[in-house]
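Enquirer: So here's data-v3.pdb, just PDB, C-alpha atoms and all ligand atoms:
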ATOM      1  CA  MET A   1      24.340  14.737  47.893  1.00  0.00           C
ATOM      2  CA  THR A   2      22.837  17.397  45.629  1.00  0.00           C
ATOM      3  CA  PHE A   3      26.079  17.539  43.685  1.00  0.00           C
ATOM      4  CA  VAL A   4      25.968  13.758  43.177  1.00  0.00           C
ATOM      5  CA  TYR A   5      22.430  14.040  41.770  1.00  0.00           C
ATOM      6  CA  PHE A   6      23.586  16.836  39.513  1.00  0.00           C
ATOM      7  CA  LEU A   7      26.418  14.664  38.232  1.00  0.00           C
ATOM      8  CA  LEU A   8      24.054  11.728  37.647  1.00  0.00           C
ATOM      9  CA  ILE A   9      21.570  13.889  35.718  1.00  0.00           C
ATOM     10  CA  ALA A  10      24.379  15.418  33.657  1.00  0.00           C
ATOM     11  CA  ALA A  11      25.745  11.946  32.857  1.00  0.00           C
ATOM     12  CA  ALA A  12      22.263  10.705  31.892  1.00  0.00           C
ATOM     13  CA  LEU A  13      21.737  13.726  29.626  1.00  0.00           C
ATOM     14  CA  LEU A  14      25.105  13.181  27.972  1.00  0.00           C
ATOM     15  CA  ALA A  15      24.340   9.493  27.417  1.00  0.00           C
ATOM     16  CA  ALA A  16      20.916  10.340  25.946  1.00  0.00           C
ATOM     17  CA  THR A  17      22.437  12.962  23.621  1.00  0.00           C
ATOM     18  CA  TYR A  18      25.068  10.490  22.482  1.00  0.00           C
ATOM     19  CA  ALA A  19      22.419   7.805  21.869  1.00  0.00           C
ATOM     20  CA  ILE A  20      20.349  10.248  19.766  1.00  0.00           C
ATOM     21  CA  PHE A  21      23.481  11.236  17.831  1.00  0.00           C
ATOM     22  CA  ARG A  22      24.197   7.561  17.052  1.00  0.00           C
ATOM     23  CA  LEU A  23      20.575   6.943  16.081  1.00  0.00           C
ATOM     24  CA  VAL A  24      20.504   9.918  13.703  1.00  0.00           C
ATOM     25  CA  ARG A  25      23.776   8.727  12.203  1.00  0.00           C
ATOM     26  CA  ALA A  26      22.409   5.194  11.739  1.00  0.00           C
ATOM     27  CA  VAL A  27      19.276   6.496   9.986  1.00  0.00           C
ATOM     28  CA  ARG A  28      21.435   8.681   7.743  1.00  0.00           C
ATOM     29  CA  VAL A  29      23.634   5.694   6.828  1.00  0.00           C
ATOM     30  CA  TYR A  30      20.550   3.624   6.003  1.00  0.00           C
ATOM     31  CA  LEU A  31      19.029   6.347   3.804  1.00  0.00           C
ATOM     32  CA  THR A  32      22.367   6.955   2.051  1.00  0.00           C
ATOM     33  CA  PHE A  33      23.120   3.352   1.159  1.00  0.00           C
ATOM     34  CA  ARG A  34      19.711   1.774   0.504  1.00  0.00           C
ATOM     35  CA  GLY A  35      18.566   1.038  -3.042  1.00  0.00           C
ATOM     36  CA  LYS A  36      19.919  -0.679  -6.104  1.00  0.00           C
ATOM     37  CA  ARG A  37      23.029   0.697  -7.816  1.00  0.00           C
ATOM     38  CA  ILE A  38      24.901   0.224 -11.045  1.00  0.00           C
ATOM     39  CA  VAL A  39      28.661   0.207 -10.649  1.00  0.00           C
ATOM     40  CA  SER A  40      31.561  -0.475 -12.950  1.00  0.00           C
ATOM     41  CA  CYS A  41      32.880  -3.771 -11.600  1.00  0.00           C
ATOM     42  CA  PRO A  42      36.605  -3.256 -10.811  1.00  0.00           C
ATOM     43  CA  GLU A  43      37.316  -6.834 -11.972  1.00  0.00           C
ATOM     44  CA  THR A  44      35.509  -6.900 -15.316  1.00  0.00           C
ATOM     45  CA  HIS A  45      35.099  -3.135 -15.987  1.00  0.00           C
ATOM     46  CA  HIS A  46      31.521  -3.943 -16.998  1.00  0.00           C
ATOM     47  CA  ALA A  47      28.307  -2.811 -15.352  1.00  0.00           C
ATOM     48  CA  ALA A  48      27.143  -4.790 -12.320  1.00  0.00           C
ATOM     49  CA  ALA A  49      23.911  -4.303 -10.383  1.00  0.00           C
ATOM     50  CA  VAL A  50      24.583  -4.243  -6.656  1.00  0.00           C
ATOM     51  CA  ARG A  51      22.820  -3.520  -3.413  1.00  0.00           C
ATOM     52  CA  VAL A  52      24.566  -2.429  -0.207  1.00  0.00           C
ATOM     53  CA  ALA A  53      23.447  -4.094   3.027  1.00  0.00           C
ATOM     54  CA  ALA A  54      22.043  -0.770   4.263  1.00  0.00           C
ATOM     55  CA  GLY A  55      20.252  -2.218   7.310  1.00  0.00           C
ATOM     56  CA  LYS A  56      23.431  -3.904   8.511  1.00  0.00           C
ATOM     57  CA  ALA A  57      25.472  -0.754   7.871  1.00  0.00           C
ATOM     58  CA  ALA A  58      22.945   1.214   9.965  1.00  0.00           C
ATOM     59  CA  LEU A  59      23.292  -1.263  12.845  1.00  0.00           C
ATOM     60  CA  GLU A  60      27.081  -0.980  12.610  1.00  0.00           C
ATOM     61  CA  ALA A  61      26.740   2.815  12.714  1.00  0.00           C
ATOM     62  CA  LEU A  62      24.595   2.451  15.840  1.00  0.00           C
ATOM     63  CA  ALA A  63      27.502   0.587  17.422  1.00  0.00           C
ATOM     64  CA  GLY A  64      29.908   3.334  16.340  1.00  0.00           C
ATOM     65  CA  LYS A  65      31.478   1.386  13.454  1.00  0.00           C
ATOM     66  CA  HIS A  66      31.643   2.179   9.783  1.00  0.00           C
ATOM     67  CA  GLU A  67      31.514  -0.982   7.720  1.00  0.00           C
ATOM     68  CA  LEU A  68      29.870  -1.506   4.358  1.00  0.00           C
ATOM     69  CA  GLU A  69      29.250  -4.727   2.502  1.00  0.00           C
ATOM     70  CA  LEU A  70      27.106  -5.847  -0.406  1.00  0.00           C
ATOM     71  CA  CYS A  71      24.052  -8.013   0.056  1.00  0.00           C
ATOM     72  CA  GLU A  72      23.352  -8.430  -3.663  1.00  0.00           C
ATOM     73  CA  CYS A  73      25.365  -8.402  -6.897  1.00  0.00           C
ATOM     74  CA  SER A  74      24.424  -9.485 -10.413  1.00  0.00           C
ATOM     75  CA  ARG A  75      27.752 -11.383 -10.596  1.00  0.00           C
ATOM     76  CA  TRP A  76      26.770 -13.619  -7.705  1.00  0.00           C
ATOM     77  CA  PRO A  77      26.787 -16.507  -6.960  1.00  0.00           C
ATOM     78  CA  GLU A  78      29.768 -17.088  -9.320  1.00  0.00           C
ATOM     79  CA  ARG A  79      31.838 -14.271  -7.742  1.00  0.00           C
ATOM     80  CA  GLU A  80      30.317 -14.214  -4.292  1.00  0.00           C
ATOM     81  CA  ASN A  81      33.787 -14.170  -2.693  1.00  0.00           C
ATOM     82  CA  CYS A  82      35.059 -11.115  -4.565  1.00  0.00           C
ATOM     83  CA  PRO A  83      36.752  -8.388  -2.460  1.00  0.00           C
ATOM     84  CA  GLN A  84      33.821  -5.984  -3.121  1.00  0.00           C
ATOM     85  CA  ASP A  85      36.176  -3.227  -4.267  1.00  0.00           C
ATOM     86  CA  CYS A  86      33.230  -1.426  -5.869  1.00  0.00           C
ATOM     87  CA  LEU A  87      32.238  -0.290  -2.363  1.00  0.00           C
ATOM     88  CA  SER A  88      34.890   2.441  -2.498  1.00  0.00           C
ATOM     89  CA  GLU A  89      33.214   3.860  -5.653  1.00  0.00           C
ATOM     90  CA  ILE A  90      29.854   3.798  -3.874  1.00  0.00           C
ATOM     91  CA  GLU A  91      31.238   5.456  -0.742  1.00  0.00           C
ATOM     92  CA  GLU A  92      32.752   8.239  -2.801  1.00  0.00           C
ATOM     93  CA  ALA A  93      29.492   9.159  -4.538  1.00  0.00           C
ATOM     94  CA  PRO A  94      26.594   7.182  -3.039  1.00  0.00           C
ATOM     95  CA  LYS A  95      23.866   8.965  -5.018  1.00  0.00           C
ATOM     96  CA  ALA A  96      25.588   8.928  -8.419  1.00  0.00           C
ATOM     97  CA  TYR A  97      25.354   5.154  -8.765  1.00  0.00           C
ATOM     98  CA  LEU A  98      21.738   4.836  -7.667  1.00  0.00           C
ATOM     99  CA  VAL A  99      19.566   3.343 -10.418  1.00  0.00           C
ATOM    100  CA  ARG A 100      16.911   6.000  -9.785  1.00  0.00           C
ATOM    101  CA  THR A 101      19.466   8.814 -10.126  1.00  0.00           C
ATOM    102  CA  ILE A 102      20.821   7.408 -13.403  1.00  0.00           C
ATOM    103  CA  ILE A 103      17.324   6.986 -14.872  1.00  0.00           C
ATOM    104  CA  ASN A 104      16.077  10.388 -13.658  1.00  0.00           C
ATOM    105  CA  ARG A 105      19.106  12.067 -15.196  1.00  0.00           C
ATOM    106  CA  TRP A 106      18.448  10.276 -18.506  1.00  0.00           C
ATOM    107  CA  TYR A 107      14.871  11.586 -18.737  1.00  0.00           C
ATOM    108  CA  GLN A 108      15.822  15.181 -17.971  1.00  0.00           C
ATOM    109  CA  GLY A 109      15.925  17.294 -21.124  1.00  0.00           C
ATOM    110  CA  GLN A 110      14.233  14.576 -23.194  1.00  0.00           C
ATOM    111  CA  GLU A 111      10.648  14.410 -24.449  1.00  0.00           C
ATOM    112  CA  CYS A 112       8.180  11.567 -24.978  1.00  0.00           C
ATOM    113  CA  VAL A 113       8.597  10.122 -28.500  1.00  0.00           C
ATOM    114  CA  TYR A 114       4.799  10.065 -28.953  1.00  0.00           C
ATOM    115  CA  CYS A 115       3.302  13.210 -27.400  1.00  0.00           C
ATOM    116  CA  HIS A 116       6.573  15.246 -27.344  1.00  0.00           C
ATOM    117  CA  ARG A 117       5.908  16.467 -23.816  1.00  0.00           C
ATOM    118  CA  PRO A 118       9.199  17.119 -22.000  1.00  0.00           C
ATOM    119  CA  PHE A 119       9.861  15.107 -18.857  1.00  0.00           C
ATOM    120  CA  ALA A 120       9.759  17.135 -15.676  1.00  0.00           C
ATOM    121  CA  GLU A 121      10.445  15.669 -12.236  1.00  0.00           C
ATOM    122  CA  ILE A 122       9.814  11.912 -12.240  1.00  0.00           C
ATOM    123  CA  HIS A 123       7.299  10.545  -9.728  1.00  0.00           C
ATOM    124  CA  TRP A 124       8.025   6.826  -9.534  1.00  0.00           C
ATOM    125  CA  HIS A 125       5.110   6.006  -7.229  1.00  0.00           C
ATOM    126  CA  ASP A 126       2.617   7.703  -9.532  1.00  0.00           C
ATOM    127  CA  HIS A 127       2.559   7.307 -13.339  1.00  0.00           C
ATOM    128  CA  PRO A 128       6.204   6.270 -13.840  1.00  0.00           C
ATOM    129  CA  PRO A 129       7.628   6.848 -17.313  1.00  0.00           C
ATOM    130  CA  ALA A 130       8.458   3.988 -19.685  1.00  0.00           C
ATOM    131  CA  LEU A 131      10.660   3.206 -22.682  1.00  0.00           C
ATOM    132  CA  ILE A 132      10.285   2.118 -26.267  1.00  0.00           C
ATOM    133  CA  ASN A 133      12.620  -0.445 -27.825  1.00  0.00           C
ATOM    134  CA  SER A 134      13.852  -0.774 -31.416  1.00  0.00           C
ATOM    135  CA  GLU A 135      10.813  -2.948 -32.273  1.00  0.00           C
ATOM    136  CA  ARG A 136       8.552  -0.068 -31.185  1.00  0.00           C
ATOM    137  CA  LYS A 137       7.284  -1.950 -28.152  1.00  0.00           C
ATOM    138  CA  THR A 138       6.933   0.083 -24.975  1.00  0.00           C
ATOM    139  CA  VAL A 139       8.262  -1.446 -21.780  1.00  0.00           C
ATOM    140  CA  GLN A 140       8.244  -0.475 -18.131  1.00  0.00           C
ATOM    141  CA  TRP A 141      11.349  -0.235 -15.989  1.00  0.00           C
ATOM    142  CA  ASN A 142      10.407  -3.278 -13.908  1.00  0.00           C
ATOM    143  CA  GLU A 143      10.782  -5.352 -17.105  1.00  0.00           C
ATOM    144  CA  VAL A 144      14.394  -4.211 -17.553  1.00  0.00           C
ATOM    145  CA  PRO A 145      17.115  -6.198 -15.704  1.00  0.00           C
ATOM    146  CA  THR A 146      19.164  -3.685 -13.707  1.00  0.00           C
ATOM    147  CA  GLU A 147      22.506  -4.909 -15.067  1.00  0.00           C
ATOM    148  CA  LYS A 148      21.220  -4.068 -18.593  1.00  0.00           C
ATOM    149  CA  LEU A 149      20.406  -0.493 -17.600  1.00  0.00           C
ATOM    150  CA  GLN A 150      23.309   1.273 -19.333  1.00  0.00           C
ATOM    151  CA  GLU A 151      22.788  -0.749 -22.512  1.00  0.00           C
ATOM    152  CA  VAL A 152      19.024  -0.061 -22.522  1.00  0.00           C
ATOM    153  CA  LEU A 153      19.576   3.687 -22.086  1.00  0.00           C
ATOM    154  CA  GLY A 154      21.578   3.611 -25.315  1.00  0.00           C
ATOM    155  CA  THR A 155      19.098   1.575 -27.360  1.00  0.00           C
ATOM    156  CA  HIS A 156      15.671   2.686 -26.060  1.00  0.00           C
ATOM    157  CA  ARG A 157      13.860   6.005 -26.182  1.00  0.00           C
ATOM    158  CA  PRO A 158      11.690   7.656 -23.528  1.00  0.00           C
ATOM    159  CA  VAL A 159       7.900   7.347 -23.420  1.00  0.00           C
ATOM    160  CA  CYS A 160       5.566   8.971 -20.887  1.00  0.00           C
ATOM    161  CA  TRP A 161       3.226   6.884 -18.768  1.00  0.00           C
ATOM    162  CA  SER A 162       0.057   7.941 -20.631  1.00  0.00           C
ATOM    163  CA  CYS A 163       1.501   7.057 -24.040  1.00  0.00           C
ATOM    164  CA  HIS A 164       2.838   3.754 -22.679  1.00  0.00           C
ATOM    165  CA  ILE A 165      -0.649   2.816 -21.448  1.00  0.00           C
ATOM    166  CA  THR A 166      -2.242   3.842 -24.763  1.00  0.00           C
ATOM    167  CA  GLU A 167       0.364   1.971 -26.804  1.00  0.00           C
ATOM    168  CA  THR A 168       0.070  -1.161 -24.642  1.00  0.00           C
ATOM    169  CA  PHE A 169      -3.711  -1.121 -25.102  1.00  0.00           C
ATOM    170  CA  ARG A 170      -3.320  -0.586 -28.834  1.00  0.00           C
ATOM    171  CA  ARG A 171      -0.872  -3.489 -29.053  1.00  0.00           C
ATOM    172  CA  GLU A 172      -2.963  -5.862 -26.989  1.00  0.00           C
ATOM    173  CA  GLN A 173      -6.421  -4.876 -28.258  1.00  0.00           C
ATOM    174  CA  PRO A 174      -5.923  -3.345 -31.727  1.00  0.00           C
ATOM    175  CA  ASP A 175      -9.599  -3.882 -32.699  1.00  0.00           C
ATOM    176  CA  ARG A 176     -10.670  -1.445 -29.950  1.00  0.00           C
ATOM    177  CA  MET A 177      -8.432   1.394 -31.101  1.00  0.00           C
ATOM    178  CA  VAL A 178      -8.845   4.001 -33.836  1.00  0.00           C
ATOM    179  CA  ASP A 179      -6.338   6.488 -35.256  1.00  0.00           C
ATOM    180  CA  ARG A 180      -7.212  10.148 -35.144  1.00  0.00           C
ATOM    181  CA  PRO A 181      -5.681  11.416 -38.430  1.00  0.00           C
ATOM    182  CA  SER A 182      -4.972  14.926 -37.177  1.00  0.00           C
ATOM    183  CA  ASP A 183      -3.080  13.672 -34.160  1.00  0.00           C
ATOM    184  CA  GLY A 184      -0.221  11.730 -35.697  1.00  0.00           C
ATOM    185  CA  LEU A 185       0.898   8.869 -33.513  1.00  0.00           C
ATOM    186  CA  ARG A 186      -1.666   9.471 -30.794  1.00  0.00           C
ATOM    187  CA  MET A 187      -4.552   6.998 -30.542  1.00  0.00           C
ATOM    188  CA  ASN A 188      -7.952   7.199 -28.968  1.00  0.00           C
ATOM    189  CA  LEU A 189      -9.704   4.529 -26.985  1.00  0.00           C
ATOM    190  CA  TYR A 190     -13.276   3.536 -27.770  1.00  0.00           C
ATOM    191  CA  HIS A 191     -15.433   4.094 -24.734  1.00  0.00           C
TER     192      HIS A 191
HETATM  193 ZN    ZN B   1       3.696  10.823 -24.194  1.00  0.00          ZN
END
As structure tokens, what does this structure read like?

Expert:
Amino acid sequence: MTFVYFLLIAAALLAATYAIFRLVRAVRVYLTFRGKRIVSCPETHHAAAVRVAAGKAALEALAGKHELELCECSRWPERENCPQDCLSEIEEAPKAYLVRTIINRWYQGQECVYCHRPFAEIHWHDHPPALINSERKTVQWNEVPTEKLQEVLGTHRPVCWSCHITETFRREQPDRMVDRPSDGLRMNLYH
């Protein structure tokens, strides 16, 4: 009888270990494939903004399967029935196509066009950096359509959060701003 109990406990422990293994794998799949990505569409060879169904992929992983599919693409709904061949690119290098990775890489080694401070590590939740377009208007990333990302990186220049806020204020309320001659492009707010 004791041996039977031993076997039961061993089986339960094995099952629990296996369940934890699957759970860890599912979480890893979710974290790997969440987020918006820019891929080169295998059909058009142009940039497309896509999102992998990370939650579904995690559930599949929980069931021991490995299946990826898109839940969003900038070419939809026109090409909603495409074979989703871009998934093989994403699987090969999941991080490389992440919008955040592409943008972070772009800022590294560059400096703000106004204050000339170099960009260090980007903190997106706190004072995210911005951009300036050819008309010298600063814009934030949430104003840029993801599928235009590559194009925007070639036409815009980097601006830090502080300068973006100052420039936006100057643009919207020019009568409340004054130039400080010794400080070039930098402006001061009236308090
Ligand atoms: Zn700046």

Enquirer: Going by the chain IDs and residue numbers used in this file, which residues fall under the PyMOL selection byres (((chain A and resi 22) around 10) and not hetatm)? Write them as a compact mmCIF listing (two decimals) with C-alpha atoms, in the frame of the given file.

Expert:
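part-v8.txt written:
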# COMPACT_ATOMS: atom_id res chain seq x y z
CA ALA A 16 20.92 10.34 25.95
CA THR A 17 22.44 12.96 23.62
CA TYR A 18 25.07 10.49 22.48
CA ALA A 19 22.42 7.80 21.87
CA ILE A 20 20.35 10.25 19.77
CA PHE A 21 23.48 11.24 17.83
CA LEU A 23 20.58 6.94 16.08
CA VAL A 24 20.50 9.92 13.70
CA ARG A 25 23.78 8.73 12.20
CA ALA A 26 22.41 5.19 11.74
CA VAL A 27 19.28 6.50 9.99
CA ARG A 28 21.44 8.68 7.74
CA ALA A 58 22.94 1.21 9.96
CA LEU A 59 23.29 -1.26 12.84
CA ALA A 61 26.74 2.82 12.71
CA LEU A 62 24.60 2.45 15.84
CA ALA A 63 27.50 0.59 17.42
CA GLY A 64 29.91 3.33 16.34

Enquirer: Ligand ZN 1 (chain B): which residues are within 10 Å, counting only C-alpha atoms and all ligand atoms, as a PyMOL selection string?

Expert: chain A and resi 111-119+129-130+158-167+185-186

Enquirer: I'd like to see the residues matched by the PyMOL selection byres (((chain A and resi 82-86) around 10) and not hetatm) on this file, and ideally I'd get them as an NGL selection string.

Expert: :A and (38-43 or 48 or 50 or 68-70 or 73 or 75-76 or 78-81 or 87-91)

Enquirer: Report the centre and edge lengths, in Å to one decimal, of an axis-aligned box enclosing every atom of segment 75-93 of chain A listed in the file, padded by 5 Å on each side, as AutoDock Vina command-line options.

Expert:
--center_x 31.8 --center_y -4.0 --center_z -5.7 --size_x 20.0 --size_y 36.2 --size_z 19.9

Enquirer: Quick one: distance from atom CA of Ala49 of chain A to atom CA of Leu149 of chain A in Å, one decimal?

Expert: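 A separation of 8.9 Å between them.
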
Enquirer: One number please: atom CA of Gly154 of chain A to atom CA of Asn142 of chain A, in Å, one decimal.

Expert: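 Between these atoms lies a distance of 17.4 Å.
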
Enquirer: Which one is closest to Tyr107 of chain A: A:Ala53, A:Leu153, A:Leu31, A:Ala15? Count only C-alpha atoms.

Expert: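 Comparing A:Ala53, A:Leu153, A:Leu31, A:Ala15 against Tyr107 of chain A, the winner is A:Leu153.
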
Enquirer: Rank nothing, just name the residue among A:Ile132, A:Val144, A:Leu7, A:Val139 nearest to His156 of chain A, using all atoms listed in the file.

Expert: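 Of all the options, A:Ile132 lies closest to His156 of chain A.
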
Enquirer: One decimal, Å: what's the distance from atom CA of Arg157 of chain A over to atom CA of Glu72 of chain A, could you say?

Expert: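 We find that atom CA of Arg157 of chain A and atom CA of Glu72 of chain A lie 28.4 Å from each other.
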